[in-house]
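A.B. asks: For reference, the file data21.cif (mmCIF, C-alpha atoms) is included below:
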data_coords
loop_
_atom_site.label_atom_id
_atom_site.label_comp_id
_atom_site.auth_asym_id
_atom_site.auth_seq_id
_atom_site.Cartn_x
_atom_site.Cartn_y
_atom_site.Cartn_z
CA MET A 11 20.97 12.76 -6.50
CA THR A 12 18.01 12.94 -4.15
CA GLY A 13 14.29 12.43 -3.98
CA LEU A 14 12.64 10.70 -6.90
CA SER A 15 15.77 11.19 -8.95
CA ASP A 16 17.42 8.74 -6.53
CA GLY A 17 17.52 5.50 -8.49
CA ALA A 18 16.16 3.22 -5.78
CA LEU A 19 13.25 5.51 -4.86
CA GLY A 20 12.41 6.12 -8.49
CA ARG A 21 12.41 2.42 -9.32
CA ARG A 22 10.25 1.64 -6.29
CA MET A 23 7.75 4.37 -7.21
CA GLU A 24 7.60 3.12 -10.81
CA ARG A 25 6.99 -0.43 -9.59
CA LEU A 26 4.31 0.79 -7.19
CA GLU A 27 2.63 2.70 -10.01
CA ARG A 28 2.71 -0.37 -12.28
CA GLY A 29 1.07 -2.35 -9.48
CA ARG A 30 -1.66 0.26 -9.12
CA ALA A 31 -2.31 0.24 -12.87
CA ALA A 32 -2.44 -3.57 -12.90
CA LEU A 33 -4.91 -3.68 -10.01
CA LEU A 34 -7.14 -1.11 -11.68
CA GLU A 35 -6.99 -3.12 -14.93
CA GLN A 36 -7.92 -6.22 -12.91
CA VAL A 37 -11.09 -4.62 -11.54
CA ALA A 38 -12.09 -2.44 -14.53
CA PRO A 39 -13.98 -5.17 -16.45
CA MET A 40 -15.94 -6.26 -13.37
CA SER A 41 -19.64 -5.49 -13.22
CA PRO A 42 -21.10 -3.47 -10.33
CA ASP A 43 -22.40 -6.74 -8.85
CA GLN A 44 -18.97 -8.37 -9.07
CA LEU A 45 -17.39 -5.34 -7.40
CA THR A 46 -19.81 -5.33 -4.47
CA THR A 47 -20.68 -8.99 -3.85
CA ARG A 48 -19.14 -10.33 -0.67
CA PRO A 49 -17.66 -13.82 -0.99
CA ALA A 50 -18.77 -14.69 2.55
CA ALA A 51 -20.72 -13.14 5.38
CA GLY A 52 -18.60 -10.40 6.88
CA GLY A 53 -16.02 -10.68 4.11
CA TRP A 54 -14.81 -7.78 2.03
CA HIS A 55 -15.96 -7.23 -1.52
CA VAL A 56 -13.61 -6.00 -4.25
CA LEU A 57 -14.31 -2.29 -3.69
CA ASP A 58 -13.66 -2.76 0.04
CA VAL A 59 -10.22 -4.16 -0.76
CA VAL A 60 -9.39 -1.31 -3.13
CA GLN A 61 -10.59 1.23 -0.56
CA HIS A 62 -8.46 -0.40 2.17
CA VAL A 63 -5.33 -0.16 0.00
CA ILE A 64 -6.03 3.51 -0.66
CA ILE A 65 -6.73 4.29 3.01
CA VAL A 66 -3.35 2.79 3.96
CA GLU A 67 -1.63 4.87 1.29
CA GLU A 68 -3.48 8.02 2.43
CA LEU A 69 -2.28 7.45 6.00
CA VAL A 70 1.29 7.01 4.80
CA LEU A 71 1.02 10.25 2.80
CA ARG A 72 -0.16 12.11 5.92
CA ALA A 73 2.79 10.68 7.84
CA LEU A 74 5.11 12.12 5.20
CA ALA A 75 4.25 15.61 6.44
CA THR A 76 6.21 14.94 9.62
CA ARG A 77 9.93 14.60 9.30
CA PRO A 78 11.23 13.01 12.49
CA GLY A 79 14.93 12.51 13.04
CA PRO A 80 16.85 9.69 11.38
CA LEU A 81 16.43 6.14 12.59
CA PRO A 82 19.47 4.49 14.14
CA LEU A 83 21.04 1.89 11.89
CA ALA A 84 20.03 -0.94 14.24
CA ASP A 85 16.36 0.11 14.00
CA ARG A 86 16.55 0.33 10.19
CA LEU A 87 18.09 -3.13 10.02
CA ARG A 88 15.54 -4.62 12.45
CA SER A 89 12.65 -3.15 10.47
CA GLY A 90 14.22 -4.37 7.25
CA LEU A 91 14.41 -7.92 8.57
CA ARG A 92 10.81 -7.81 9.80
CA LEU A 93 9.70 -6.39 6.45
CA THR A 94 11.45 -9.23 4.63
CA ALA A 95 9.75 -11.78 6.87
CA LEU A 96 6.35 -10.14 6.29
CA ARG A 97 6.90 -10.11 2.51
CA ILE A 98 7.79 -13.82 2.51
CA TYR A 99 4.76 -14.66 4.68
CA LEU A 100 2.35 -12.72 2.45
CA ARG A 101 3.83 -14.07 -0.80
CA ALA A 102 3.38 -17.59 0.58
CA GLY A 103 -0.35 -16.87 0.93
CA GLY A 104 -0.35 -15.86 4.58
CA ARG A 105 -3.11 -13.59 5.78
CA LEU A 106 -3.28 -11.06 8.58
CA ARG A 107 -6.12 -9.40 10.41
CA THR A 108 -6.34 -5.67 9.86
CA PRO A 109 -4.21 -4.34 12.74
CA THR A 110 -6.22 -1.18 13.37
CA PRO A 111 -9.79 -0.02 12.65
CA ALA A 112 -8.36 3.13 11.05
CA ILE A 113 -7.61 1.19 7.86
CA LEU A 114 -10.92 -0.62 7.49
CA PRO A 115 -13.13 0.19 4.48
CA GLN A 116 -15.72 2.83 5.31
CA GLY A 117 -18.82 1.98 3.32
CA SER A 118 -19.23 1.47 -0.40
CA VAL A 119 -17.36 3.98 -2.52
CA PRO A 120 -17.68 3.91 -6.34
CA LEU A 121 -14.62 2.79 -8.29
CA ASP A 122 -14.29 6.15 -10.08
CA GLU A 123 -14.09 7.96 -6.74
CA LEU A 124 -11.53 5.47 -5.43
CA ARG A 125 -9.45 5.87 -8.59
CA ALA A 126 -9.43 9.68 -8.18
CA ARG A 127 -8.42 9.40 -4.51
CA TRP A 128 -5.60 7.05 -5.44
CA GLU A 129 -4.32 9.40 -8.13
CA ARG A 130 -4.23 12.25 -5.58
CA VAL A 131 -2.28 10.08 -3.13
CA ARG A 132 0.25 9.08 -5.74
CA ALA A 133 0.70 12.70 -6.84
CA GLY A 134 1.30 13.56 -3.19
CA TYR A 135 3.95 10.83 -2.94
CA ALA A 136 5.72 12.10 -6.03
CA SER A 137 5.75 15.65 -4.70
CA ALA A 138 6.90 14.71 -1.21
CA LEU A 139 9.58 12.27 -2.32
CA ALA A 140 10.95 14.69 -4.89
CA SER A 141 11.66 17.14 -2.07
CA PHE A 142 13.60 14.59 -0.02
CA GLY A 143 17.28 15.20 0.57
CA PRO A 144 19.89 12.60 1.49
CA ALA A 145 19.12 12.89 5.22
CA ASP A 146 15.45 12.05 4.58
CA LEU A 147 16.36 8.61 3.26
CA ALA A 148 17.24 7.49 6.81
CA ARG A 149 14.14 9.04 8.42
CA PRO A 150 11.04 6.99 9.18
CA MET A 151 8.34 7.48 6.57
CA MET A 152 5.73 5.35 8.35
CA LYS A 153 5.30 3.09 11.33
CA HIS A 154 3.85 -0.31 10.56
CA PRO A 155 2.18 -1.98 13.57
CA ILE A 156 4.08 -5.24 13.03
CA VAL A 157 7.24 -4.26 11.19
CA GLY A 158 8.02 -0.98 12.95
CA LYS A 159 9.35 2.30 11.57
CA LEU A 160 10.22 2.18 7.89
CA THR A 161 12.49 4.40 5.81
CA PRO A 162 11.21 5.74 2.46
CA LYS A 163 12.70 2.83 0.52
CA GLN A 164 11.31 0.30 2.99
CA THR A 165 7.92 2.04 2.95
CA LEU A 166 7.65 1.86 -0.84
CA THR A 167 8.65 -1.81 -0.69
CA PHE A 168 5.97 -2.44 1.94
CA LEU A 169 3.32 -0.61 -0.11
CA ASP A 170 4.23 -2.67 -3.19
CA THR A 171 3.98 -5.90 -1.14
CA HIS A 172 0.67 -4.73 0.36
CA LEU A 173 -0.73 -3.95 -3.08
CA ALA A 174 0.34 -7.31 -4.53
CA HIS A 175 -1.14 -9.13 -1.52
CA HIS A 176 -4.49 -7.45 -2.02
CA GLY A 177 -4.37 -8.04 -5.78
CA ARG A 178 -4.27 -11.76 -4.95
CA GLN A 179 -7.14 -11.26 -2.51
CA ILE A 180 -9.21 -9.60 -5.25
CA GLU A 181 -8.56 -12.58 -7.50
CA ARG A 182 -9.74 -14.96 -4.74
CA ILE A 183 -12.89 -12.87 -4.27
CA ARG A 184 -13.53 -12.79 -8.03
CA ARG A 185 -13.27 -16.57 -8.24
CA ALA A 186 -15.50 -17.10 -5.16
CA VAL A 187 -18.18 -14.75 -6.47
CA ALA A 188 -18.14 -16.35 -9.93
CA GLN A 189 -19.02 -19.80 -8.52
#
Would you encode the structure as structure tokens?
C.D. replies:
Amino acid sequence: MTGLSDGALGRRMERLERGRAALLEQVAPMSPDQLTTRPAAGGWHVLDVVQHVIIVEELVLRALATRPGPLPLADRLRSGLRLTALRIYLRAGGRLRTPTPAILPQGSVPLDELRARWERVRAGYASALASFGPADLARPMMKHPIVGKLTPKQTLTFLDTHLAHHGRQIERIRRAVAQ
């Protein structure tokens, strides 16, 4: 079996989709003021966070169009270890500066527009991953600036971790704005 029919990829995509649905449910009841109030000078508001998550996923989707050769096992293992360390750090409440300006929010975008963009990205993932053959599972799907080149399974794990991290950030912003 290949592509999305591959059990591990399918489970990761389902988990990623559940995370997206949960984040959208988290922000849906918020008022326009709650969505756009910054908790601190220079801080991101809720819509900025959602937009950042989508921008990262859009960049990953664009990277899917290239199909470089397979990663050597040592590189896959090294990236896997770094990814595990990053996941532990973020789950423990660690924070990172955005590593590149390319993934910064770009002005206020309404939630409905962000939701539509996200749906297009996820449809693109489903289409691309469904076309993957066994050899594609060892190819890099994205290059993370800290972790390195990630296979499709590692990429979906990273995206799930990224989404959960920013879901917690949205909750912190919501609490700070409510005070």
A.B. asks: Can you tell me, as number ranges by chain, what residues are no more than 6 Å from range 35-47 of chain A when counting only C-alpha atoms, ignoring any on the same chain fewer than 3 positions away?
C.D. replies: A: 32, 55-57
A.B. asks: Sorted by chain and rising residue number, list the residues of range 40-108 of chain A at most 8 Å from range 142-164 of chain A (counting only C-alpha atoms), each with its closest atom pair and distance in Å to one decimal, as CSV.
C.D. replies:
residue,atom,partner,partner_atom,distance
A:Val70,CA,A:Met152,CA,5.9
A:Ala73,CA,A:Met152,CA,6.1
A:Leu74,CA,A:Met151,CA,5.8
A:Arg77,CA,A:Arg149,CA,7.0
A:Pro78,CA,A:Arg149,CA,6.4
A:Gly79,CA,A:Arg149,CA,5.8
A:Pro80,CA,A:Arg149,CA,4.1
A:Leu81,CA,A:Arg149,CA,5.6
A:Asp85,CA,A:Lys159,CA,7.7
A:Arg86,CA,A:Leu160,CA,7.0
A:Ser89,CA,A:Val157,CA,5.6
A:Gly90,CA,A:Gln164,CA,7.0
A:Arg92,CA,A:Val157,CA,5.2
A:Leu93,CA,A:Val157,CA,5.7
A:Leu96,CA,A:Val157,CA,7.7
A.B. asks: Write out the residues from the selection above, keeping C-alpha atoms, as a PDB file, in the frame of the given file.
C.D. replies:
ATOM      1  CA  VAL A  70       1.290   7.010   4.800  1.00  0.00           C
ATOM      2  CA  ALA A  73       2.790  10.680   7.840  1.00  0.00           C
ATOM      3  CA  LEU A  74       5.110  12.120   5.200  1.00  0.00           C
ATOM      4  CA  ARG A  77       9.930  14.600   9.300  1.00  0.00           C
ATOM      5  CA  PRO A  78      11.230  13.010  12.490  1.00  0.00           C
ATOM      6  CA  GLY A  79      14.930  12.510  13.040  1.00  0.00           C
ATOM      7  CA  PRO A  80      16.850   9.690  11.380  1.00  0.00           C
ATOM      8  CA  LEU A  81      16.430   6.140  12.590  1.00  0.00           C
ATOM      9  CA  ASP A  85      16.360   0.110  14.000  1.00  0.00           C
ATOM     10  CA  ARG A  86      16.550   0.330  10.190  1.00  0.00           C
ATOM     11  CA  SER A  89      12.650  -3.150  10.470  1.00  0.00           C
ATOM     12  CA  GLY A  90      14.220  -4.370   7.250  1.00  0.00           C
ATOM     13  CA  ARG A  92      10.810  -7.810   9.800  1.00  0.00           C
ATOM     14  CA  LEU A  93       9.700  -6.390   6.450  1.00  0.00           C
ATOM     15  CA  LEU A  96       6.350 -10.140   6.290  1.00  0.00           C
TER      16      LEU A  96
END
A.B. asks: Hey, which of A:Val131, A:Arg184, A:Gln179, A:Leu166 ends up closest to Glu67 in chain A? Count only C-alpha atoms.
C.D. replies: A:Val131
A.B. asks: Kindly extract all protein, DNA and RNA residues lying within 12 Å of the coordinates (8.5, 1.4, -10.0) given in the file, considering only C-alpha atoms, and supply them as a PyMOL selection string.
C.D. replies: chain A and resi 14+17-31+136+163+166-167+169-170
A.B. asks: Take the residues just selected and output them with C-alpha atoms as a PDB file, in the coordinates of the input.
C.D. replies:
ATOM      1  CA  LEU A  14      12.640  10.700  -6.900  1.00  0.00           C
ATOM      2  CA  GLY A  17      17.520   5.500  -8.490  1.00  0.00           C
ATOM      3  CA  ALA A  18      16.160   3.220  -5.780  1.00  0.00           C
ATOM      4  CA  LEU A  19      13.250   5.510  -4.860  1.00  0.00           C
ATOM      5  CA  GLY A  20      12.410   6.120  -8.490  1.00  0.00           C
ATOM      6  CA  ARG A  21      12.410   2.420  -9.320  1.00  0.00           C
ATOM      7  CA  ARG A  22      10.250   1.640  -6.290  1.00  0.00           C
ATOM      8  CA  MET A  23       7.750   4.370  -7.210  1.00  0.00           C
ATOM      9  CA  GLU A  24       7.600   3.120 -10.810  1.00  0.00           C
ATOM     10  CA  ARG A  25       6.990  -0.430  -9.590  1.00  0.00           C
ATOM     11  CA  LEU A  26       4.310   0.790  -7.190  1.00  0.00           C
ATOM     12  CA  GLU A  27       2.630   2.700 -10.010  1.00  0.00           C
ATOM     13  CA  ARG A  28       2.710  -0.370 -12.280  1.00  0.00           C
ATOM     14  CA  GLY A  29       1.070  -2.350  -9.480  1.00  0.00           C
ATOM     15  CA  ARG A  30      -1.660   0.260  -9.120  1.00  0.00           C
ATOM     16  CA  ALA A  31      -2.310   0.240 -12.870  1.00  0.00           C
ATOM     17  CA  ALA A 136       5.720  12.100  -6.030  1.00  0.00           C
ATOM     18  CA  LYS A 163      12.700   2.830   0.520  1.00  0.00           C
ATOM     19  CA  LEU A 166       7.650   1.860  -0.840  1.00  0.00           C
ATOM     20  CA  THR A 167       8.650  -1.810  -0.690  1.00  0.00           C
ATOM     21  CA  LEU A 169       3.320  -0.610  -0.110  1.00  0.00           C
ATOM     22  CA  ASP A 170       4.230  -2.670  -3.190  1.00  0.00           C
TER      23      ASP A 170
END
A.B. asks: Which one of A:Ile65, A:Leu87, A:Ala126, A:Leu114 sits closest to Gly53 in chain A if you count only C-alpha atoms?
C.D. replies: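 When distances to Gly53 in chain A are compared using only C-alpha atoms, the smallest one comes from A:Leu114.
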